[in-house]
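Shown here: my_file_38.csv, CSV, C-alpha atoms.
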chain,number,residue,atom,x,y,z
A,1,MET,CA,88.2,104.6,106.1
A,2,ALA,CA,91.6,103.8,104.7
A,3,ILE,CA,93.2,100.6,106.0
A,4,PRO,CA,96.2,101.4,108.1
A,5,MET,CA,99.6,100.5,106.5
A,6,ILE,CA,102.7,100.3,108.6
A,7,SER,CA,106.2,99.6,107.3
A,8,VAL,CA,108.7,97.5,109.2
A,9,VAL,CA,112.1,98.7,108.1
A,10,GLY,CA,115.7,98.3,109.2
A,11,LYS,CA,119.2,97.4,108.0
A,12,SER,CA,119.8,93.9,106.5
A,13,ASN,CA,119.8,91.0,108.9
A,14,THR,CA,118.4,93.0,111.9
A,15,GLY,CA,115.4,90.6,112.0
A,16,LYS,CA,112.7,92.4,110.1
A,17,THR,CA,111.0,89.2,109.0
A,18,THR,CA,111.2,87.7,112.5
A,19,LEU,CA,109.5,90.8,114.0
A,20,LEU,CA,106.9,90.9,111.3
A,21,GLU,CA,106.0,87.2,112.0
A,22,LYS,CA,105.6,88.0,115.6
A,23,LEU,CA,103.4,91.1,114.8
A,24,VAL,CA,101.2,89.1,112.5
A,25,ALA,CA,100.8,86.3,115.0
A,26,GLU,CA,99.9,88.8,117.7
A,27,LEU,CA,97.4,90.7,115.5
A,28,LYS,CA,95.8,87.4,114.5
A,29,ARG,CA,95.5,86.4,118.1
A,30,ARG,CA,93.6,89.6,118.7
A,31,GLY,CA,91.2,88.8,115.9
A,32,TYR,CA,92.4,91.1,113.1
A,33,ARG,CA,92.7,90.3,109.4
A,34,VAL,CA,96.2,91.1,108.3
A,35,ALA,CA,97.9,91.6,104.9
A,36,THR,CA,101.7,91.6,104.6
A,37,VAL,CA,103.8,93.0,101.8
A,38,LYS,CA,107.3,91.9,101.1
A,39,HIS,CA,109.3,94.3,99.0
A,40,ASP,CA,111.5,92.3,96.8
A,41,THR,CA,113.7,94.8,95.1
A,42,HIS,CA,115.7,92.3,93.1
A,43,GLY,CA,112.7,90.6,91.5
A,44,PHE,CA,111.6,87.1,92.3
A,45,ASP,CA,110.4,83.8,90.9
A,46,ILE,CA,107.5,82.8,92.9
A,47,ASP,CA,106.8,79.5,91.2
A,48,ARG,CA,108.6,76.4,90.3
A,49,PRO,CA,109.8,75.4,86.8
A,50,GLY,CA,107.6,72.7,85.3
A,51,LYS,CA,104.5,73.5,87.2
A,52,ASP,CA,101.5,74.3,85.1
A,53,SER,CA,101.3,77.9,86.4
A,54,TRP,CA,104.9,78.4,85.6
A,55,ARG,CA,104.3,77.2,82.1
A,56,HIS,CA,101.4,79.7,81.7
A,57,ALA,CA,103.7,82.5,82.8
A,58,ARG,CA,106.5,81.4,80.5
A,59,ALA,CA,104.1,81.2,77.5
A,60,GLY,CA,103.5,84.9,78.0
A,61,SER,CA,100.4,85.3,80.3
A,62,ASP,CA,100.3,88.8,81.7
A,63,VAL,CA,98.3,87.5,84.7
A,64,VAL,CA,98.5,84.0,86.1
A,65,ILE,CA,95.9,83.0,88.6
A,66,ILE,CA,96.0,79.8,90.6
A,67,SER,CA,92.8,79.0,92.4
A,68,GLY,CA,92.5,76.2,95.0
A,69,PRO,CA,89.9,75.5,97.6
A,70,ASN,CA,91.7,77.4,100.4
A,71,ARG,CA,94.1,79.7,98.5
A,72,LEU,CA,94.1,82.1,95.6
A,73,ALA,CA,97.3,83.3,94.0
A,74,MET,CA,97.6,86.0,91.3
A,75,ILE,CA,100.9,86.8,89.7
A,76,GLU,CA,101.1,89.8,87.4
A,77,LYS,CA,103.8,91.0,85.0
A,78,ARG,CA,104.4,94.7,85.6
A,79,GLU,CA,106.1,97.3,83.5
A,80,LYS,CA,106.9,99.2,86.7
A,81,GLU,CA,106.6,98.4,90.3
A,82,ILE,CA,103.3,98.9,92.0
A,83,THR,CA,103.2,101.7,94.6
A,84,LEU,CA,102.1,101.4,98.2
A,85,ASN,CA,99.1,103.5,97.3
A,86,GLU,CA,98.1,101.1,94.5
A,87,ILE,CA,98.6,98.2,96.9
A,88,ALA,CA,96.3,99.9,99.4
A,89,ASP,CA,93.7,100.3,96.7
A,90,ARG,CA,93.7,96.6,95.9
A,91,VAL,CA,93.7,95.1,99.4
A,92,THR,CA,90.3,95.7,100.8
A,93,ASN,CA,89.3,92.9,103.1
A,94,VAL,CA,91.8,93.3,105.9
A,95,ASP,CA,92.1,95.5,109.0
A,96,ILE,CA,95.8,96.3,108.6
A,97,VAL,CA,98.6,96.0,106.2
A,98,LEU,CA,102.2,95.5,107.3
A,99,THR,CA,105.0,95.9,104.9
A,100,GLU,CA,108.5,94.5,105.2
A,101,GLY,CA,110.8,97.1,103.7
A,102,TYR,CA,109.7,100.3,101.9
A,103,LYS,CA,112.0,102.5,104.0
A,104,ARG,CA,111.6,105.2,101.4
A,105,GLY,CA,107.8,104.9,101.4
A,106,ASP,CA,105.6,107.5,103.2
A,107,ARG,CA,103.9,105.1,105.6
A,108,PRO,CA,104.4,105.2,109.4
A,109,LYS,CA,107.4,103.0,110.3
A,110,ILE,CA,108.7,100.7,112.9
A,111,GLU,CA,112.5,100.4,112.7
A,112,VAL,CA,114.3,97.3,113.8
A,113,SER,CA,117.7,97.8,115.1
A,114,ARG,CA,120.3,95.4,116.4
A,115,HIS,CA,123.5,96.5,118.2
A,116,GLU,CA,125.7,94.2,116.3
A,117,LYS,CA,124.6,95.9,113.0
A,118,GLY,CA,125.4,99.4,114.3
A,119,SER,CA,123.8,102.1,116.3
A,120,GLU,CA,122.5,104.4,113.6
A,121,LEU,CA,119.0,104.2,112.4
A,122,LEU,CA,117.8,104.5,108.8
A,123,CYS,CA,114.8,106.7,109.7
A,124,THR,CA,114.4,110.1,111.4
A,125,GLU,CA,112.4,110.6,114.5
A,126,ASP,CA,109.4,112.0,112.7
A,127,GLU,CA,109.1,109.0,110.4
A,128,LEU,CA,109.0,106.5,113.2
A,129,ILE,CA,106.1,105.3,115.3
A,130,ALA,CA,108.3,102.9,117.2
A,131,ILE,CA,111.7,101.3,117.5
A,132,ALA,CA,112.3,97.6,118.2
A,133,ALA,CA,115.8,97.2,119.3
A,134,ASP,CA,118.3,95.6,121.6
A,135,GLN,CA,119.8,99.0,122.4
A,136,PRO,CA,118.4,102.4,123.5
A,137,PHE,CA,118.1,105.5,121.4
A,138,ASP,CA,118.0,109.1,122.6
A,139,MET,CA,114.9,109.9,120.6
A,140,ASN,CA,111.4,110.8,121.4
A,141,VAL,CA,110.0,107.6,119.9
A,142,PRO,CA,108.4,104.6,121.8
A,143,GLN,CA,111.0,101.9,122.2
A,144,PHE,CA,110.4,98.1,122.5
A,145,GLY,CA,112.5,95.0,122.8
A,146,LEU,CA,113.0,92.9,119.7
A,147,ASP,CA,110.5,90.3,121.0
A,148,ASP,CA,107.9,92.7,122.4
A,149,ALA,CA,105.2,92.0,119.8
A,150,ALA,CA,102.5,92.5,122.4
A,151,GLY,CA,103.8,96.0,123.3
A,152,LEU,CA,104.1,97.0,119.7
A,153,VAL,CA,100.6,95.7,118.9
A,154,ASP,CA,99.2,97.6,121.9
A,155,LEU,CA,100.7,100.8,120.3
A,156,ILE,CA,99.4,99.9,116.8
A,157,GLU,CA,95.9,99.3,118.2
A,158,GLU,CA,95.9,102.5,120.1
A,159,LYS,CA,97.1,104.6,117.2
A,160,PHE,CA,95.6,102.9,114.1
A,161,LEU,CA,92.9,100.4,114.9
A,162,ALA,CA,89.5,101.2,116.2
A,163,ASN,CA,89.0,98.0,118.1
A,164,PRO,CA,85.7,96.5,116.8
A,165,PHE,CA,85.5,93.7,119.4
B,1,MET,CA,82.1,95.0,78.1
B,2,ALA,CA,82.9,91.9,80.0
B,3,ILE,CA,86.3,90.3,79.3
B,4,PRO,CA,85.8,87.0,77.5
B,5,MET,CA,86.7,83.9,79.5
B,6,ILE,CA,87.2,80.6,77.8
B,7,SER,CA,87.9,77.3,79.6
B,8,VAL,CA,90.3,74.7,78.2
B,9,VAL,CA,89.0,71.4,79.5
B,10,GLY,CA,89.7,67.7,79.0
B,11,LYS,CA,90.6,64.4,80.7
B,12,SER,CA,93.8,64.1,82.6
B,13,ASN,CA,97.0,64.0,80.5
B,14,THR,CA,95.3,65.0,77.2
B,15,GLY,CA,97.6,68.0,76.9
B,16,LYS,CA,95.5,70.9,78.4
B,17,THR,CA,98.5,72.8,79.6
B,18,THR,CA,100.4,72.3,76.4
B,19,LEU,CA,97.5,73.6,74.3
B,20,LEU,CA,97.0,76.5,76.7
B,21,GLU,CA,100.7,77.5,76.3
B,22,LYS,CA,100.2,77.5,72.6
B,23,LEU,CA,97.0,79.6,72.7
B,24,VAL,CA,98.7,82.1,75.0
B,25,ALA,CA,101.7,82.4,72.8
B,26,GLU,CA,99.5,82.9,69.7
B,27,LEU,CA,97.3,85.5,71.4
B,28,LYS,CA,100.4,87.4,72.6
B,29,ARG,CA,101.8,87.3,69.1
B,30,ARG,CA,98.6,89.0,67.9
B,31,GLY,CA,99.0,91.7,70.5
B,32,TYR,CA,96.5,90.7,73.2
B,33,ARG,CA,96.9,90.9,76.9
B,34,VAL,CA,96.1,87.5,78.4
B,35,ALA,CA,95.3,86.1,81.8
B,36,THR,CA,95.3,82.4,82.6
B,37,VAL,CA,93.7,80.6,85.5
B,38,LYS,CA,94.9,77.3,86.7
B,39,HIS,CA,92.3,75.4,88.7
B,40,ASP,CA,94.1,73.5,91.4
B,41,THR,CA,91.5,71.4,93.0
B,42,HIS,CA,93.9,69.8,95.4
B,43,GLY,CA,95.2,73.0,96.9
B,44,PHE,CA,98.7,74.2,96.4
B,45,ASP,CA,101.8,75.7,97.9
B,46,ILE,CA,103.0,78.4,95.7
B,47,ASP,CA,106.0,79.4,97.7
B,48,ARG,CA,109.0,77.8,99.2
B,49,PRO,CA,109.6,77.1,102.9
B,50,GLY,CA,112.1,79.5,104.5
B,51,LYS,CA,111.4,82.4,102.1
B,52,ASP,CA,110.2,85.6,103.8
B,53,SER,CA,106.9,85.5,102.0
B,54,TRP,CA,106.3,81.9,103.2
B,55,ARG,CA,107.2,83.0,106.7
B,56,HIS,CA,104.6,85.8,106.5
B,57,ALA,CA,101.9,83.3,105.4
B,58,ARG,CA,102.9,80.8,108.1
B,59,ALA,CA,102.6,83.5,110.7
B,60,GLY,CA,99.0,83.9,109.7
B,61,SER,CA,98.8,86.7,107.1
B,62,ASP,CA,95.4,86.5,105.3
B,63,VAL,CA,97.0,88.1,102.3
B,64,VAL,CA,100.6,88.0,101.4
B,65,ILE,CA,101.9,90.3,98.7
B,66,ILE,CA,105.3,90.2,97.1
B,67,SER,CA,106.2,93.2,95.0
B,68,GLY,CA,109.2,93.3,92.7
B,69,PRO,CA,110.2,95.7,89.9
B,70,ASN,CA,108.6,93.5,87.2
B,71,ARG,CA,106.2,91.3,89.0
B,72,LEU,CA,103.5,91.4,91.6
B,73,ALA,CA,102.2,88.4,93.5
B,74,MET,CA,99.2,88.2,95.9
B,75,ILE,CA,98.4,85.1,97.8
B,76,GLU,CA,95.1,85.0,99.7
B,77,LYS,CA,93.8,82.6,102.2
B,78,ARG,CA,90.2,81.7,101.3
B,79,GLU,CA,87.4,80.1,103.3
B,80,LYS,CA,85.9,78.9,100.0
B,81,GLU,CA,87.1,78.8,96.5
B,82,ILE,CA,86.7,81.9,94.4
B,83,THR,CA,84.2,81.6,91.5
B,84,LEU,CA,84.9,82.3,87.9
B,85,ASN,CA,82.6,85.3,88.2
B,86,GLU,CA,84.6,86.6,91.1
B,87,ILE,CA,87.8,86.1,89.1
B,88,ALA,CA,86.3,88.0,86.2
B,89,ASP,CA,85.6,90.9,88.5
B,90,ARG,CA,89.2,91.1,89.7
B,91,VAL,CA,91.0,90.8,86.4
B,92,THR,CA,90.4,94.0,84.5
B,93,ASN,CA,93.5,94.9,82.5
B,94,VAL,CA,93.5,92.0,79.9
B,95,ASP,CA,91.7,91.3,76.7
B,96,ILE,CA,90.9,87.6,77.4
B,97,VAL,CA,91.0,85.1,80.2
B,98,LEU,CA,91.8,81.4,79.5
B,99,THR,CA,91.2,78.9,82.2
B,100,GLU,CA,92.7,75.5,82.5
B,101,GLY,CA,90.1,73.2,83.9
B,102,TYR,CA,86.7,74.4,85.2
B,103,LYS,CA,84.8,71.7,83.2
B,104,ARG,CA,81.8,72.3,85.4
B,105,GLY,CA,82.0,76.1,85.0
B,106,ASP,CA,79.5,77.9,82.8
B,107,ARG,CA,82.1,79.5,80.4
B,108,PRO,CA,82.5,78.6,76.7
B,109,LYS,CA,84.8,75.6,76.4
B,110,ILE,CA,87.5,74.1,74.2
B,111,GLU,CA,87.8,70.4,74.9
B,112,VAL,CA,91.2,68.7,74.4
B,113,SER,CA,90.9,65.0,73.4
B,114,ARG,CA,93.5,62.4,72.7
B,115,HIS,CA,92.7,59.0,71.1
B,116,GLU,CA,94.9,57.1,73.6
B,117,LYS,CA,92.8,58.5,76.5
B,118,GLY,CA,89.5,57.4,75.0
B,119,SER,CA,87.0,58.7,72.5
B,120,GLU,CA,84.4,60.1,74.8
B,121,LEU,CA,84.2,63.8,75.6
B,122,LEU,CA,83.6,65.4,79.0
B,123,CYS,CA,81.3,68.1,77.5
B,124,THR,CA,78.2,68.2,75.4
B,125,GLU,CA,78.0,69.8,72.0
B,126,ASP,CA,76.3,73.0,73.3
B,127,GLU,CA,79.0,73.6,75.9
B,128,LEU,CA,81.8,73.6,73.4
B,129,ILE,CA,83.0,76.2,71.0
B,130,ALA,CA,85.7,73.9,69.7
B,131,ILE,CA,87.4,70.6,70.0
B,132,ALA,CA,91.2,70.1,69.8
B,133,ALA,CA,91.9,66.5,69.2
B,134,ASP,CA,93.8,63.8,67.3
B,135,GLN,CA,90.6,62.1,66.4
B,136,PRO,CA,87.3,63.2,64.7
B,137,PHE,CA,84.0,63.6,66.4
B,138,ASP,CA,80.6,63.4,64.8
B,139,MET,CA,79.4,66.7,66.3
B,140,ASN,CA,78.5,70.0,65.1
B,141,VAL,CA,81.5,71.8,66.7
B,142,PRO,CA,84.6,73.2,65.0
B,143,GLN,CA,87.4,70.7,65.3
B,144,PHE,CA,91.2,71.4,65.2
B,145,GLY,CA,94.4,69.5,65.5
B,146,LEU,CA,96.2,69.5,68.9
B,147,ASP,CA,98.8,71.9,67.5
B,148,ASP,CA,96.5,74.2,65.7
B,149,ALA,CA,96.7,77.3,67.9
B,150,ALA,CA,96.4,79.6,65.0
B,151,GLY,CA,93.2,78.0,63.9
B,152,LEU,CA,91.8,78.1,67.4
B,153,VAL,CA,92.8,81.7,67.9
B,154,ASP,CA,91.2,82.7,64.6
B,155,LEU,CA,88.0,81.2,66.0
B,156,ILE,CA,88.4,82.9,69.3
B,157,GLU,CA,89.1,86.3,67.7
B,158,GLU,CA,86.1,85.9,65.4
B,159,LYS,CA,83.7,85.0,68.2
B,160,PHE,CA,85.0,86.9,71.2
B,161,LEU,CA,87.5,89.6,70.4
B,162,ALA,CA,86.7,92.8,68.7
B,163,ASN,CA,90.1,93.2,67.0
B,164,PRO,CA,91.4,96.6,68.1
B,165,PHE,CA,94.4,96.6,65.8
Written as structure tokens, how would this file's structure read?
Amino acid sequence: MAIPMISVVGKSNTGKTTLLEKLVAELKRRGYRVATVKHDTHGFDIDRPGKDSWRHARAGSDVVIISGPNRLAMIEKREKEITLNEIADRVTNVDIVLTEGYKRGDRPKIEVSRHEKGSELLCTEDELIAIAADQPFDMNVPQFGLDDAAGLVDLIEEKFLANPF
Amino acid sequence: MAIPMISVVGKSNTGKTTLLEKLVAELKRRGYRVATVKHDTHGFDIDRPGKDSWRHARAGSDVVIISGPNRLAMIEKREKEITLNEIADRVTNVDIVLTEGYKRGDRPKIEVSRHEKGSELLCTEDELIAIAADQPFDMNVPQFGLDDAAGLVDLIEEKFLANPF
């Protein structure tokens, strides 16, 4: 069975990362293995100049792996961005994948909205499984407070996770 | 056919990373796709506090992925260190894998040696495909200068890479 993948989307500075942290913590509390995906549309430097792994990358390595006793990192050069489907193919040992961003992706979405950033949503009703907001919306979508990770995870469990415990 | 994996080993501060950089650059110049593995026995923090991906990890994500237009990073929590065989299973789209370290691994090795760090080697003759050093060894192993990436890559090509060009 495919691993469920849910996208947490919203305008800038509405608190997507904060909500995602809370969802991850709540899912972990309930015993799930969780992967998260950060969509970094501007590119990124994950490592620090001078470190050996950075020197490997700078010398031209297509794939740099750093393996430690409790952590494994792989950094790959890409000609084009990996798709959510390709990510789903690679991540096999978790119960759920949460993405931060990917508002134009085709995965079920939770939109974060904050009154001070406006009262329009990025997504349409049929794209959303939930809204996390400090304001109400006249839409047929379950709505939660910005801090209500437990409520959101109840919904996620019900819709996407066969509870194995 | 399995992708060849060669370990660059040596005592501390003999110049393993520097040699590895030169080997990567030379292999890239010859058109190969290269992966490198840095063995970080003390553990590592690849990301910086405050960044979104760091916040995902701190919240408990088992796998954190950062996807940009030209780069993909995956950081996995592990209960125990991944083996070289498991790394080999995961890295599929390159011609060769070079590891920095893994002196106790079972892969063919190049040992880096520098007179000022002593004249003993870590490896035995049968473990080594080459020595890169500023001193001679009375051993039946091909020996190269510390800067001779071209010579070493000639040997690597001859022994491990069917040249597809």
What is the atom CA of A:Asn70-atom CA of B:Thr83 distance in Å, reported with one decimal?
12.4 Å
What is the atom CA of B:Asn85 to atom CA of B:Lys22 distance in Å?
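Pair atom CA of B:Asn85 / atom CA of B:Lys22 returns 24.8 Å.
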Hey, what's within 12 Å of B:Gly68 if we count all atoms listed in the file and toss same-chain stuff fewer than 4 positions away? As a ChimeraX atom specification, please?
/A:37-46,75-83,101-102 /B:72-74
Do you know which residues are at most 12 Å from B:Glu127 counting all atoms listed in the file, after dropping those on the same chain fewer than 4 positions away, and could you put them as a list in words?
Ile6, Ser7, Val8, Val9, Lys103, Arg104, Gly105, Asp106, Arg107, Pro108, Lys109, Ile110, Glu111, Leu121, Leu122, Cys123, Ile131, Met139, Asn140 and Val141 of chain B
With distances taken over all atoms listed in the file, which of B:Ala130, B:Ala88, B:Ala35, B:Leu152 is nearest to A:Ile65?
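Comparing B:Ala130, B:Ala88, B:Ala35, B:Leu152 against A:Ile65, the winner is B:Ala35.
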Interatomic distance (Å, one decimal) between atom CA of B:Gly151 and atom CA of B:Thr14
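Interatomic distance here is 18.7 Å.
With distances restricted to all atoms listed in the file, B:Ile66 is the closest residue to chain A from B:Ala57, B:Ala2, B:Ala162, B:Ile66.
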With the cut-off set at 12 Å and counting only C-alpha atoms, tabulate each residue of stretch 85-162 of chain A with an atom at most that distance from an atom of stretch 15-19 of chain A, showing the nearest atom pair and its distance in Å to one decimal, ordered by chain and increasing number, as CSV.
residue,atom,partner,partner_atom,distance
A:Leu98,CA,A:Thr17,CA,11.0
A:Thr99,CA,A:Thr17,CA,9.9
A:Glu100,CA,A:Lys16,CA,6.8
A:Gly101,CA,A:Lys16,CA,8.2
A:Tyr102,CA,A:Lys16,CA,11.8
A:Lys103,CA,A:Lys16,CA,11.8
A:Lys109,CA,A:Lys16,CA,11.9
A:Ile110,CA,A:Lys16,CA,9.6
A:Glu111,CA,A:Lys16,CA,8.4
A:Val112,CA,A:Lys16,CA,6.3
A:Ser113,CA,A:Gly15,CA,8.2
A:Arg114,CA,A:Gly15,CA,8.1
A:His115,CA,A:Gly15,CA,11.8
A:Glu116,CA,A:Gly15,CA,11.7
A:Lys117,CA,A:Gly15,CA,10.7
A:Ile131,CA,A:Leu19,CA,11.3
A:Ala132,CA,A:Leu19,CA,8.5
A:Ala133,CA,A:Gly15,CA,9.8
A:Asp134,CA,A:Gly15,CA,11.2
A:Phe144,CA,A:Leu19,CA,11.2
A:Gly145,CA,A:Leu19,CA,10.2
A:Leu146,CA,A:Leu19,CA,7.0
A:Asp147,CA,A:Leu19,CA,7.1
A:Asp148,CA,A:Leu19,CA,8.8
A:Ala149,CA,A:Leu19,CA,7.3
A:Ala150,CA,A:Leu19,CA,11.1
A:Leu152,CA,A:Leu19,CA,10.0
A:Val153,CA,A:Leu19,CA,11.3
Using only C-alpha atoms, please write the residues we just selected to a file, as a short mmCIF file (atom, residue, chain, number, x, y, z; two decimals), keeping the file's coordinate frame.
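Writing the result to part.cif gives the following:
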data_model
loop_
_atom_site.label_atom_id
_atom_site.label_comp_id
_atom_site.auth_asym_id
_atom_site.auth_seq_id
_atom_site.Cartn_x
_atom_site.Cartn_y
_atom_site.Cartn_z
CA LEU A 98 102.20 95.50 107.30
CA THR A 99 105.00 95.90 104.90
CA GLU A 100 108.50 94.50 105.20
CA GLY A 101 110.80 97.10 103.70
CA TYR A 102 109.70 100.30 101.90
CA LYS A 103 112.00 102.50 104.00
CA LYS A 109 107.40 103.00 110.30
CA ILE A 110 108.70 100.70 112.90
CA GLU A 111 112.50 100.40 112.70
CA VAL A 112 114.30 97.30 113.80
CA SER A 113 117.70 97.80 115.10
CA ARG A 114 120.30 95.40 116.40
CA HIS A 115 123.50 96.50 118.20
CA GLU A 116 125.70 94.20 116.30
CA LYS A 117 124.60 95.90 113.00
CA ILE A 131 111.70 101.30 117.50
CA ALA A 132 112.30 97.60 118.20
CA ALA A 133 115.80 97.20 119.30
CA ASP A 134 118.30 95.60 121.60
CA PHE A 144 110.40 98.10 122.50
CA GLY A 145 112.50 95.00 122.80
CA LEU A 146 113.00 92.90 119.70
CA ASP A 147 110.50 90.30 121.00
CA ASP A 148 107.90 92.70 122.40
CA ALA A 149 105.20 92.00 119.80
CA ALA A 150 102.50 92.50 122.40
CA LEU A 152 104.10 97.00 119.70
CA VAL A 153 100.60 95.70 118.90
#
Nearest-residue call for A:Arg30, choices A:Asp95, A:Arg90, A:Lys159, A:Glu120, using only C-alpha atoms:
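Ranked by minimum distance to A:Arg30, first place goes to A:Asp95.
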Radius query 6 Å about (99.0, 78.1, 83.1), atoms used: all atoms listed in the file, as a compact mmCIF listing (two decimals) with C-alpha atoms, in the frame of the given file:
# COMPACT_ATOMS: atom_id res chain seq x y z
CA ASP A 52 101.50 74.30 85.10
CA SER A 53 101.30 77.90 86.40
CA ARG A 55 104.30 77.20 82.10
CA HIS A 56 101.40 79.70 81.70
CA THR B 36 95.30 82.40 82.60
CA LYS B 38 94.90 77.30 86.70
So which one's closest to chain B, A:Ile96, A:Gly60, A:Asp138, A:Ile129? Using all atoms listed in the file, please.
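Ranked by minimum distance to chain B, first place goes to A:Gly60.
Candidate residues B:Glu26, B:Asp126, B:Asp62, B:Asp89 were compared for distance to chain A, and the nearest is B:Asp62, using all atoms listed in the file.
With distances restricted to all atoms listed in the file, B:Ser61 is the closest residue to chain A from B:Thr124, B:Asn93, B:Gln143, B:Ser61.
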Please fill the gaps in stretch 60-66 of chain B so it has all heavy atoms, and write that as a PDB file, in the frame of the given file.
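Output (rebuild.pdb):
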ATOM      1  N   GLY B  60     100.422  83.665 109.684  1.00  0.00           N
ATOM      2  CA  GLY B  60      99.000  83.900 109.700  1.00  0.00           C
ATOM      3  C   GLY B  60      98.419  84.952 108.834  1.00  0.00           C
ATOM      4  O   GLY B  60      97.220  85.221 108.866  1.00  0.00           O
ATOM      5  N   SER B  61      99.260  85.592 108.022  1.00  0.00           N
ATOM      6  CA  SER B  61      98.800  86.700 107.100  1.00  0.00           C
ATOM      7  C   SER B  61      97.612  86.121 106.268  1.00  0.00           C
ATOM      8  O   SER B  61      97.723  85.052 105.680  1.00  0.00           O
ATOM      9  CB  SER B  61      99.844  87.140 106.179  1.00  0.00           C
ATOM     10  OG  SER B  61     100.828  87.837 106.866  1.00  0.00           O
ATOM     11  N   ASP B  62      96.553  86.902 106.186  1.00  0.00           N
ATOM     12  CA  ASP B  62      95.400  86.500 105.300  1.00  0.00           C
ATOM     13  C   ASP B  62      95.741  86.780 103.873  1.00  0.00           C
ATOM     14  O   ASP B  62      95.246  86.108 102.984  1.00  0.00           O
ATOM     15  CB  ASP B  62      94.186  87.311 105.768  1.00  0.00           C
ATOM     16  CG  ASP B  62      93.813  86.993 107.205  1.00  0.00           C
ATOM     17  OD1 ASP B  62      93.230  85.932 107.423  1.00  0.00           O
ATOM     18  OD2 ASP B  62      94.154  87.782 108.110  1.00  0.00           O
ATOM     19  N   VAL B  63      96.545  87.795 103.639  1.00  0.00           N
ATOM     20  CA  VAL B  63      97.000  88.100 102.300  1.00  0.00           C
ATOM     21  C   VAL B  63      98.465  88.394 102.313  1.00  0.00           C
ATOM     22  O   VAL B  63      98.944  89.182 103.136  1.00  0.00           O
ATOM     23  CB  VAL B  63      96.262  89.438 101.789  1.00  0.00           C
ATOM     24  CG1 VAL B  63      96.671  89.758 100.359  1.00  0.00           C
ATOM     25  CG2 VAL B  63      94.749  89.319 101.901  1.00  0.00           C
ATOM     26  N   VAL B  64      99.210  87.716 101.464  1.00  0.00           N
ATOM     27  CA  VAL B  64     100.600  88.000 101.400  1.00  0.00           C
ATOM     28  C   VAL B  64     100.915  88.522  99.961  1.00  0.00           C
ATOM     29  O   VAL B  64     100.508  87.937  98.958  1.00  0.00           O
ATOM     30  CB  VAL B  64     101.477  86.679 101.555  1.00  0.00           C
ATOM     31  CG1 VAL B  64     102.966  86.948 101.330  1.00  0.00           C
ATOM     32  CG2 VAL B  64     101.257  86.112 102.948  1.00  0.00           C
ATOM     33  N   ILE B  65     101.577  89.671  99.940  1.00  0.00           N
ATOM     34  CA  ILE B  65     101.900  90.300  98.700  1.00  0.00           C
ATOM     35  C   ILE B  65     103.412  90.353  98.532  1.00  0.00           C
ATOM     36  O   ILE B  65     104.118  90.633  99.505  1.00  0.00           O
ATOM     37  CB  ILE B  65     101.329  91.757  98.649  1.00  0.00           C
ATOM     38  CG1 ILE B  65      99.807  91.681  98.665  1.00  0.00           C
ATOM     39  CG2 ILE B  65     101.848  92.551  97.449  1.00  0.00           C
ATOM     40  CD1 ILE B  65      99.137  92.992  99.000  1.00  0.00           C
ATOM     41  N   ILE B  66     103.890  90.044  97.339  1.00  0.00           N
ATOM     42  CA  ILE B  66     105.300  90.200  97.100  1.00  0.00           C
ATOM     43  C   ILE B  66     105.431  91.088  95.872  1.00  0.00           C
ATOM     44  O   ILE B  66     104.875  90.811  94.809  1.00  0.00           O
ATOM     45  CB  ILE B  66     105.949  88.795  96.745  1.00  0.00           C
ATOM     46  CG1 ILE B  66     105.531  87.765  97.797  1.00  0.00           C
ATOM     47  CG2 ILE B  66     107.473  88.914  96.674  1.00  0.00           C
ATOM     48  CD1 ILE B  66     105.734  86.337  97.338  1.00  0.00           C
TER      49      ILE B  66
END
